[in-house]
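Student: structure-v3.txt (compact mmCIF, N, CA and C atoms) pasted underneath:
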```txt
# COMPACT_ATOMS: atom_id res chain seq x y z
N MET A 1 1.78 -64.59 34.53
CA MET A 1 0.57 -63.83 34.29
C MET A 1 0.52 -62.65 35.25
N ALA A 2 0.08 -61.47 34.76
CA ALA A 2 0.04 -60.27 35.57
C ALA A 2 -1.04 -60.38 36.64
N SER A 3 -0.76 -59.79 37.78
CA SER A 3 -1.70 -59.80 38.89
C SER A 3 -2.84 -58.83 38.61
N ALA A 4 -4.06 -59.21 38.97
CA ALA A 4 -5.22 -58.34 38.82
C ALA A 4 -5.39 -57.45 40.04
N GLU A 5 -4.54 -57.64 41.03
CA GLU A 5 -4.61 -56.84 42.25
C GLU A 5 -4.25 -55.39 41.93
N PRO A 6 -5.08 -54.43 42.37
CA PRO A 6 -4.79 -53.02 42.06
C PRO A 6 -3.71 -52.44 42.97
N GLY A 7 -3.18 -51.33 42.54
CA GLY A 7 -2.28 -50.52 43.35
C GLY A 7 -2.94 -49.18 43.57
N TYR A 8 -2.40 -48.37 44.46
CA TYR A 8 -2.99 -47.07 44.77
C TYR A 8 -1.90 -46.02 44.91
N LEU A 9 -2.17 -44.82 44.38
CA LEU A 9 -1.28 -43.67 44.53
C LEU A 9 -2.12 -42.45 44.89
N PRO A 10 -1.53 -41.46 45.56
CA PRO A 10 -2.28 -40.26 45.92
C PRO A 10 -2.66 -39.43 44.69
N ARG A 11 -3.81 -38.81 44.77
CA ARG A 11 -4.25 -37.90 43.71
C ARG A 11 -3.50 -36.59 43.86
N GLY A 12 -2.98 -36.09 42.75
CA GLY A 12 -2.28 -34.81 42.75
C GLY A 12 -3.17 -33.67 42.30
N GLY A 13 -4.31 -33.96 41.68
CA GLY A 13 -5.22 -32.93 41.20
C GLY A 13 -5.34 -32.97 39.70
N PHE A 14 -5.49 -31.79 39.10
CA PHE A 14 -5.62 -31.67 37.66
C PHE A 14 -4.32 -31.17 37.07
N ALA A 15 -3.92 -31.74 35.93
CA ALA A 15 -2.78 -31.24 35.18
C ALA A 15 -3.36 -30.47 34.02
N HIS A 16 -3.17 -29.18 34.03
CA HIS A 16 -3.74 -28.32 33.00
C HIS A 16 -2.89 -28.39 31.75
N ALA A 17 -3.48 -28.97 30.73
CA ALA A 17 -2.82 -29.08 29.44
C ALA A 17 -3.50 -28.07 28.52
N GLY A 18 -3.41 -26.82 28.91
CA GLY A 18 -4.05 -25.73 28.19
C GLY A 18 -3.76 -24.46 28.96
N GLU A 19 -4.73 -23.59 29.05
CA GLU A 19 -4.56 -22.34 29.80
C GLU A 19 -4.58 -22.64 31.29
N PHE A 20 -3.90 -21.79 32.06
CA PHE A 20 -3.94 -21.94 33.52
C PHE A 20 -5.36 -21.72 34.00
N SER A 21 -5.73 -22.43 35.04
CA SER A 21 -7.03 -22.22 35.67
C SER A 21 -6.89 -22.57 37.15
N ASP A 22 -7.93 -22.33 37.90
CA ASP A 22 -7.88 -22.59 39.34
C ASP A 22 -7.58 -24.06 39.61
N PRO A 23 -6.72 -24.34 40.61
CA PRO A 23 -6.35 -25.73 40.90
C PRO A 23 -7.34 -26.44 41.82
N ASP A 24 -8.64 -26.24 41.56
CA ASP A 24 -9.61 -26.93 42.40
C ASP A 24 -9.74 -28.38 41.97
N GLY A 25 -10.39 -29.18 42.76
CA GLY A 25 -10.57 -30.58 42.43
C GLY A 25 -9.54 -31.49 43.07
N ILE A 26 -8.62 -30.93 43.85
CA ILE A 26 -7.62 -31.75 44.52
C ILE A 26 -8.26 -32.37 45.75
N GLU A 27 -8.14 -33.66 45.83
CA GLU A 27 -8.73 -34.37 46.95
C GLU A 27 -7.66 -35.20 47.64
N ASP A 28 -7.84 -35.39 48.92
CA ASP A 28 -6.90 -36.19 49.70
C ASP A 28 -7.35 -37.64 49.67
N VAL A 29 -7.23 -38.26 48.48
CA VAL A 29 -7.68 -39.64 48.30
C VAL A 29 -6.62 -40.42 47.54
N LEU A 30 -6.74 -41.73 47.60
CA LEU A 30 -5.90 -42.61 46.81
C LEU A 30 -6.67 -43.01 45.56
N VAL A 31 -5.95 -43.11 44.44
CA VAL A 31 -6.55 -43.46 43.17
C VAL A 31 -6.02 -44.82 42.74
N GLU A 32 -6.93 -45.66 42.25
CA GLU A 32 -6.53 -46.98 41.80
C GLU A 32 -5.78 -46.90 40.48
N VAL A 33 -4.62 -47.55 40.43
CA VAL A 33 -3.79 -47.67 39.23
C VAL A 33 -3.31 -49.12 39.19
N PRO A 34 -2.75 -49.56 38.06
CA PRO A 34 -2.19 -50.91 38.05
C PRO A 34 -1.14 -51.08 39.15
N LYS A 35 -1.15 -52.23 39.78
CA LYS A 35 -0.21 -52.50 40.87
C LYS A 35 1.24 -52.29 40.44
N SER A 36 1.58 -52.68 39.22
CA SER A 36 2.96 -52.52 38.74
C SER A 36 3.36 -51.05 38.68
N VAL A 37 2.40 -50.17 38.34
CA VAL A 37 2.69 -48.73 38.30
C VAL A 37 2.93 -48.22 39.71
N ALA A 38 2.06 -48.59 40.64
CA ALA A 38 2.22 -48.16 42.04
C ALA A 38 3.52 -48.71 42.63
N ASP A 39 3.84 -49.97 42.34
CA ASP A 39 5.06 -50.58 42.88
C ASP A 39 6.32 -49.94 42.32
N ASN A 40 6.31 -49.62 41.01
CA ASN A 40 7.50 -49.06 40.36
C ASN A 40 7.65 -47.56 40.54
N HIS A 41 6.58 -46.89 40.96
CA HIS A 41 6.61 -45.42 41.10
C HIS A 41 5.93 -45.01 42.41
N PRO A 42 6.48 -45.43 43.55
CA PRO A 42 5.82 -45.16 44.83
C PRO A 42 5.72 -43.67 45.17
N GLU A 43 6.53 -42.83 44.54
CA GLU A 43 6.45 -41.38 44.78
C GLU A 43 5.52 -40.70 43.79
N GLY A 44 4.95 -41.46 42.85
CA GLY A 44 4.09 -40.90 41.82
C GLY A 44 2.81 -40.31 42.39
N ARG A 45 2.24 -39.39 41.63
CA ARG A 45 0.95 -38.79 41.94
C ARG A 45 0.08 -38.91 40.70
N VAL A 46 -1.22 -39.06 40.92
CA VAL A 46 -2.17 -39.20 39.81
C VAL A 46 -2.79 -37.84 39.51
N TYR A 47 -2.77 -37.48 38.24
CA TYR A 47 -3.38 -36.22 37.78
C TYR A 47 -4.39 -36.54 36.69
N ARG A 48 -5.42 -35.72 36.60
CA ARG A 48 -6.39 -35.82 35.50
C ARG A 48 -6.10 -34.66 34.55
N VAL A 49 -6.00 -34.97 33.26
CA VAL A 49 -5.67 -33.97 32.25
C VAL A 49 -6.89 -33.10 31.98
N ASP A 50 -6.66 -31.79 32.04
CA ASP A 50 -7.70 -30.79 31.81
C ASP A 50 -7.19 -29.84 30.73
N GLY A 51 -7.71 -29.94 29.51
CA GLY A 51 -7.29 -29.08 28.42
C GLY A 51 -6.75 -29.89 27.25
N ASP A 52 -6.44 -29.17 26.16
CA ASP A 52 -6.05 -29.85 24.93
C ASP A 52 -4.62 -29.56 24.48
N CYS A 53 -3.81 -29.03 25.37
CA CYS A 53 -2.44 -28.66 25.02
C CYS A 53 -1.54 -29.86 24.72
N MET A 54 -1.91 -31.03 25.20
CA MET A 54 -1.11 -32.25 24.97
C MET A 54 -1.95 -33.34 24.30
N ASN A 55 -2.99 -32.95 23.55
CA ASN A 55 -3.95 -33.94 23.06
C ASN A 55 -3.45 -34.84 21.94
N ARG A 56 -2.29 -34.59 21.40
CA ARG A 56 -1.72 -35.55 20.44
C ARG A 56 -1.32 -36.84 21.15
N VAL A 57 -1.05 -36.73 22.44
CA VAL A 57 -0.56 -37.87 23.22
C VAL A 57 -1.50 -38.22 24.37
N TYR A 58 -1.96 -37.21 25.12
CA TYR A 58 -2.78 -37.43 26.31
C TYR A 58 -4.12 -36.73 26.14
N PRO A 59 -5.18 -37.49 25.88
CA PRO A 59 -6.49 -36.86 25.65
C PRO A 59 -7.04 -36.22 26.93
N GLU A 60 -7.81 -35.16 26.73
CA GLU A 60 -8.44 -34.50 27.86
C GLU A 60 -9.28 -35.50 28.64
N GLY A 61 -9.17 -35.44 29.96
CA GLY A 61 -9.93 -36.32 30.84
C GLY A 61 -9.19 -37.58 31.25
N CYS A 62 -8.07 -37.88 30.59
CA CYS A 62 -7.34 -39.09 30.97
C CYS A 62 -6.65 -38.89 32.32
N GLN A 63 -6.31 -40.00 32.95
CA GLN A 63 -5.52 -39.97 34.18
C GLN A 63 -4.09 -40.31 33.82
N LEU A 64 -3.16 -39.68 34.52
CA LEU A 64 -1.76 -40.01 34.30
C LEU A 64 -1.04 -40.02 35.63
N VAL A 65 0.10 -40.70 35.65
CA VAL A 65 0.95 -40.73 36.83
C VAL A 65 2.24 -40.00 36.47
N ALA A 66 2.60 -39.02 37.31
CA ALA A 66 3.86 -38.31 37.18
C ALA A 66 4.70 -38.64 38.40
N ASP A 67 5.95 -39.04 38.14
CA ASP A 67 6.84 -39.49 39.22
C ASP A 67 8.02 -38.53 39.35
N PRO A 68 8.16 -37.86 40.50
CA PRO A 68 9.26 -36.92 40.70
C PRO A 68 10.62 -37.62 40.80
N ALA A 69 10.63 -38.93 41.02
CA ALA A 69 11.90 -39.66 41.12
C ALA A 69 12.47 -40.02 39.75
N VAL A 70 11.70 -39.80 38.69
CA VAL A 70 12.16 -40.11 37.33
C VAL A 70 12.73 -38.85 36.71
N GLU A 71 14.00 -38.90 36.35
CA GLU A 71 14.69 -37.76 35.73
C GLU A 71 14.18 -37.56 34.31
N PRO A 72 13.68 -36.37 33.97
CA PRO A 72 13.16 -36.16 32.62
C PRO A 72 14.30 -36.07 31.60
N GLN A 73 14.02 -36.58 30.42
CA GLN A 73 14.92 -36.45 29.27
C GLN A 73 14.36 -35.35 28.38
N ASN A 74 15.16 -34.84 27.46
CA ASN A 74 14.63 -33.86 26.51
C ASN A 74 13.46 -34.49 25.75
N GLY A 75 12.33 -33.82 25.78
CA GLY A 75 11.13 -34.30 25.12
C GLY A 75 10.19 -35.07 26.02
N SER A 76 10.60 -35.32 27.27
CA SER A 76 9.70 -36.01 28.21
C SER A 76 8.50 -35.13 28.52
N ALA A 77 7.34 -35.76 28.71
CA ALA A 77 6.17 -35.05 29.21
C ALA A 77 6.34 -34.93 30.72
N VAL A 78 6.20 -33.72 31.23
CA VAL A 78 6.38 -33.48 32.66
C VAL A 78 5.21 -32.68 33.22
N CYS A 79 5.02 -32.79 34.52
CA CYS A 79 4.09 -31.93 35.25
C CYS A 79 4.91 -30.95 36.05
N MET A 80 4.51 -29.69 35.99
CA MET A 80 5.19 -28.62 36.70
C MET A 80 4.15 -27.81 37.46
N ALA A 81 4.51 -27.33 38.64
CA ALA A 81 3.62 -26.46 39.41
C ALA A 81 4.05 -25.02 39.22
N ALA A 82 3.10 -24.18 38.89
CA ALA A 82 3.35 -22.74 38.78
C ALA A 82 3.26 -22.13 40.17
N GLU A 83 3.74 -20.90 40.30
CA GLU A 83 3.68 -20.22 41.60
C GLU A 83 2.25 -20.11 42.12
N SER A 84 1.29 -20.08 41.21
CA SER A 84 -0.13 -19.97 41.60
C SER A 84 -0.66 -21.26 42.20
N GLY A 85 0.10 -22.36 42.03
CA GLY A 85 -0.36 -23.66 42.50
C GLY A 85 -0.93 -24.51 41.38
N ASP A 86 -1.17 -23.91 40.21
CA ASP A 86 -1.65 -24.67 39.07
C ASP A 86 -0.61 -25.69 38.64
N VAL A 87 -1.07 -26.82 38.18
CA VAL A 87 -0.19 -27.85 37.63
C VAL A 87 -0.37 -27.85 36.12
N ILE A 88 0.75 -27.74 35.41
CA ILE A 88 0.70 -27.77 33.95
C ILE A 88 1.49 -28.97 33.46
N MET A 89 1.13 -29.42 32.26
CA MET A 89 1.84 -30.53 31.64
C MET A 89 2.28 -30.09 30.25
N ARG A 90 3.55 -30.33 29.94
CA ARG A 90 4.12 -30.01 28.63
C ARG A 90 5.29 -30.95 28.38
N ARG A 91 5.79 -30.93 27.16
CA ARG A 91 7.06 -31.59 26.86
C ARG A 91 8.16 -30.64 27.29
N MET A 92 9.17 -31.16 27.96
CA MET A 92 10.25 -30.33 28.48
C MET A 92 11.51 -30.52 27.66
N TYR A 93 12.13 -29.39 27.33
CA TYR A 93 13.41 -29.39 26.62
C TYR A 93 14.35 -28.43 27.34
N ARG A 94 15.58 -28.87 27.55
CA ARG A 94 16.63 -28.00 28.09
C ARG A 94 17.66 -27.82 26.98
N LEU A 95 17.80 -26.58 26.53
CA LEU A 95 18.70 -26.27 25.43
C LEU A 95 19.56 -25.07 25.76
N ALA A 96 20.84 -25.19 25.69
CA ALA A 96 21.79 -24.07 25.80
C ALA A 96 21.30 -22.93 26.69
N GLY A 97 21.06 -23.23 27.94
CA GLY A 97 20.69 -22.19 28.89
C GLY A 97 19.21 -21.81 28.86
N GLN A 98 18.39 -22.58 28.17
CA GLN A 98 16.96 -22.30 28.14
C GLN A 98 16.17 -23.52 28.59
N LEU A 99 15.02 -23.24 29.18
CA LEU A 99 14.04 -24.27 29.48
C LEU A 99 12.84 -23.98 28.61
N ILE A 100 12.43 -24.97 27.82
CA ILE A 100 11.27 -24.80 26.94
C ILE A 100 10.24 -25.85 27.32
N LEU A 101 9.03 -25.39 27.59
CA LEU A 101 7.90 -26.27 27.84
C LEU A 101 6.99 -26.14 26.62
N SER A 102 6.88 -27.24 25.90
CA SER A 102 6.25 -27.21 24.58
C SER A 102 4.97 -28.03 24.55
N PRO A 103 3.91 -27.48 23.95
CA PRO A 103 2.68 -28.25 23.80
C PRO A 103 2.87 -29.35 22.75
N ASP A 104 2.03 -30.34 22.80
CA ASP A 104 2.00 -31.41 21.80
C ASP A 104 0.54 -31.58 21.43
N SER A 105 0.03 -30.61 20.65
CA SER A 105 -1.41 -30.46 20.46
C SER A 105 -1.78 -30.31 19.00
N PHE A 106 -3.02 -30.71 18.70
CA PHE A 106 -3.60 -30.46 17.39
C PHE A 106 -4.07 -29.01 17.28
N ASN A 107 -4.14 -28.31 18.41
CA ASN A 107 -4.59 -26.92 18.46
C ASN A 107 -3.39 -26.01 18.24
N PRO A 108 -3.33 -25.30 17.10
CA PRO A 108 -2.16 -24.46 16.80
C PRO A 108 -2.05 -23.19 17.65
N GLU A 109 -3.05 -22.90 18.47
CA GLU A 109 -3.02 -21.70 19.29
C GLU A 109 -2.09 -21.82 20.50
N HIS A 110 -1.74 -23.04 20.90
CA HIS A 110 -0.86 -23.22 22.05
C HIS A 110 0.58 -22.90 21.66
N GLU A 111 1.27 -22.20 22.54
CA GLU A 111 2.64 -21.76 22.25
C GLU A 111 3.61 -22.31 23.28
N ASN A 112 4.88 -22.32 22.90
CA ASN A 112 5.94 -22.72 23.83
C ASN A 112 6.02 -21.73 24.98
N MET A 113 6.38 -22.24 26.14
CA MET A 113 6.75 -21.41 27.28
C MET A 113 8.27 -21.46 27.34
N ILE A 114 8.92 -20.32 27.19
CA ILE A 114 10.38 -20.28 27.11
C ILE A 114 10.93 -19.48 28.28
N PHE A 115 11.90 -20.09 28.99
CA PHE A 115 12.54 -19.45 30.13
C PHE A 115 14.03 -19.38 29.84
N ASP A 116 14.57 -18.16 29.79
CA ASP A 116 15.98 -17.98 29.46
C ASP A 116 16.91 -18.37 30.60
N ASP A 117 16.41 -18.39 31.82
CA ASP A 117 17.19 -18.83 32.97
C ASP A 117 16.43 -19.97 33.64
N PRO A 118 16.72 -21.22 33.26
CA PRO A 118 15.95 -22.36 33.79
C PRO A 118 15.91 -22.42 35.31
N ASP A 119 17.00 -22.02 35.96
CA ASP A 119 17.03 -22.09 37.42
C ASP A 119 16.14 -21.05 38.08
N ALA A 120 15.80 -19.99 37.34
CA ALA A 120 14.95 -18.93 37.88
C ALA A 120 13.51 -19.05 37.39
N ALA A 121 13.19 -20.08 36.62
CA ALA A 121 11.82 -20.26 36.12
C ALA A 121 10.86 -20.39 37.30
N PRO A 122 9.71 -19.73 37.23
CA PRO A 122 8.76 -19.76 38.35
C PRO A 122 7.94 -21.05 38.39
N LEU A 123 8.63 -22.18 38.28
CA LEU A 123 7.97 -23.48 38.22
C LEU A 123 8.69 -24.47 39.12
N THR A 124 7.95 -25.44 39.61
CA THR A 124 8.51 -26.52 40.41
C THR A 124 8.22 -27.83 39.70
N TYR A 125 9.26 -28.63 39.52
CA TYR A 125 9.12 -29.92 38.86
C TYR A 125 8.34 -30.88 39.77
N LEU A 126 7.27 -31.48 39.24
CA LEU A 126 6.46 -32.42 40.00
C LEU A 126 6.66 -33.86 39.57
N GLY A 127 7.12 -34.05 38.34
CA GLY A 127 7.36 -35.42 37.91
C GLY A 127 7.27 -35.60 36.41
N THR A 128 7.89 -36.69 35.97
CA THR A 128 7.84 -37.12 34.58
C THR A 128 6.66 -38.07 34.43
N VAL A 129 5.90 -37.91 33.36
CA VAL A 129 4.76 -38.79 33.11
C VAL A 129 5.28 -40.19 32.79
N VAL A 130 4.80 -41.16 33.54
CA VAL A 130 5.26 -42.55 33.39
C VAL A 130 4.15 -43.51 33.00
N TRP A 131 2.88 -43.05 33.05
CA TRP A 131 1.75 -43.92 32.74
C TRP A 131 0.53 -43.06 32.52
N PHE A 132 -0.37 -43.50 31.62
CA PHE A 132 -1.66 -42.83 31.50
C PHE A 132 -2.72 -43.82 31.09
N GLN A 133 -3.98 -43.42 31.33
CA GLN A 133 -5.12 -44.24 30.95
C GLN A 133 -6.19 -43.31 30.41
N ALA A 134 -6.68 -43.60 29.22
CA ALA A 134 -7.73 -42.78 28.61
C ALA A 134 -9.01 -42.83 29.44
N ALA A 135 -9.75 -41.74 29.44
CA ALA A 135 -10.98 -41.64 30.24
C ALA A 135 -11.98 -42.73 29.88
N GLU A 136 -12.05 -43.10 28.61
CA GLU A 136 -13.00 -44.12 28.19
C GLU A 136 -12.69 -45.47 28.83
N GLU A 137 -11.44 -45.72 29.18
CA GLU A 137 -11.05 -46.99 29.78
C GLU A 137 -11.22 -47.00 31.30
N MET A 138 -11.58 -45.86 31.90
CA MET A 138 -11.70 -45.76 33.35
C MET A 138 -13.09 -46.14 33.85
N ARG A 139 -14.00 -46.41 32.95
CA ARG A 139 -15.38 -46.71 33.36
C ARG A 139 -15.53 -48.11 33.83
```
Represent the structure contained in this file as structure tokens.
Tutor:
Amino acid sequence: MASAEPGYLPRGGFAHAGEFSDPDGIEDVLVEVPKSVADNHPEGRVYRVDGDCMNRVYPEGCQLVADPAVEPQNGSAVCMAAESGDVIMRRMYRLAGQLILSPDSFNPEHENMIFDDPDAAPLTYLGTVVWFQAAEEMR
């Protein structure tokens, strides 16, 4: 039987699944997650989804854990930091010298972010999404 004992991971802030916005709301606190998630992803950070760019999979307001120790596969949902400090979440694809960050949204206005030189992309990999919890379940 699974343990009811909680685990804790540091809060990373907001993962913008939409347009970039100010990275406020980052707090130096630990967030409760299932113990198995904390144990299996000790380098993980907790982000709250802000926006609808990934709403086919991750609803706005949900919490997710992104782990930098997990190598992303093509199509993995990842969190990336922009030079501005904003954290964005998209599906990542590496194709023939390109890096594509693609929305997974019901909103057709969101577009792919395409970088022809992946090594020069103005982004820093923060982690692959390994767990999420809908906002309605956090109450």
Student: Using the chain letters and numbers from this document, which residues of stretch 14-129 of chain A does DSSP assign to strand (DSSP E or B), as a PyMOL selection string?
Tutor: chain A and resi 14-16+30-34+45-50+63-67+76-82+87-95+98-102+113-115+123-129
Student: Could you check which of A:Tyr47, A:Phe106, A:Tyr93, A:Tyr58 is closest to A:Ala15, using only N, CA and C atoms?
Tutor: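 Of all the options, A:Tyr47 lies closest to A:Ala15.
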Student: Kindly extract all protein, DNA and RNA residues lying within 9 Å of the coordinates (13.5, -31.5, 25.1) given in the file, considering only C-alpha atoms, and supply them as a list in words.
Tutor: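 All residues meeting the 9 Å criterion around (13.5, -31.5, 25.1) are Pro72, Gln73, Asn74, Gly75, Ser76, Arg91, Met92, Tyr93, Arg94, Leu95, Leu99, Ile100, Leu101 and Ser102 of chain A.
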Student: Write out as a compact mmCIF listing (two decimals) with N, CA and C atoms, keeping the file's coordinate frame which residues come within 8 Å of A:Val57 when counting all atoms listed in the file, dropping same-chain ones fewer than 4 positions away.
Tutor:
```txt
# COMPACT_ATOMS: atom_id res chain seq x y z
N CYS A 53 -3.81 -29.03 25.37
CA CYS A 53 -2.44 -28.66 25.02
C CYS A 53 -1.54 -29.86 24.72
N ASP A 104 2.03 -30.34 22.80
CA ASP A 104 2.00 -31.41 21.80
C ASP A 104 0.54 -31.58 21.43
N SER A 105 0.03 -30.61 20.65
CA SER A 105 -1.41 -30.46 20.46
C SER A 105 -1.78 -30.31 19.00
N PHE A 106 -3.02 -30.71 18.70
CA PHE A 106 -3.60 -30.46 17.39
C PHE A 106 -4.07 -29.01 17.28
```
Student: Counting only C-alpha atoms, which of A:Glu5, A:Glu32, A:Glu43, A:Asp50 gets nearest to A:Asp86?
Tutor: A:Asp50
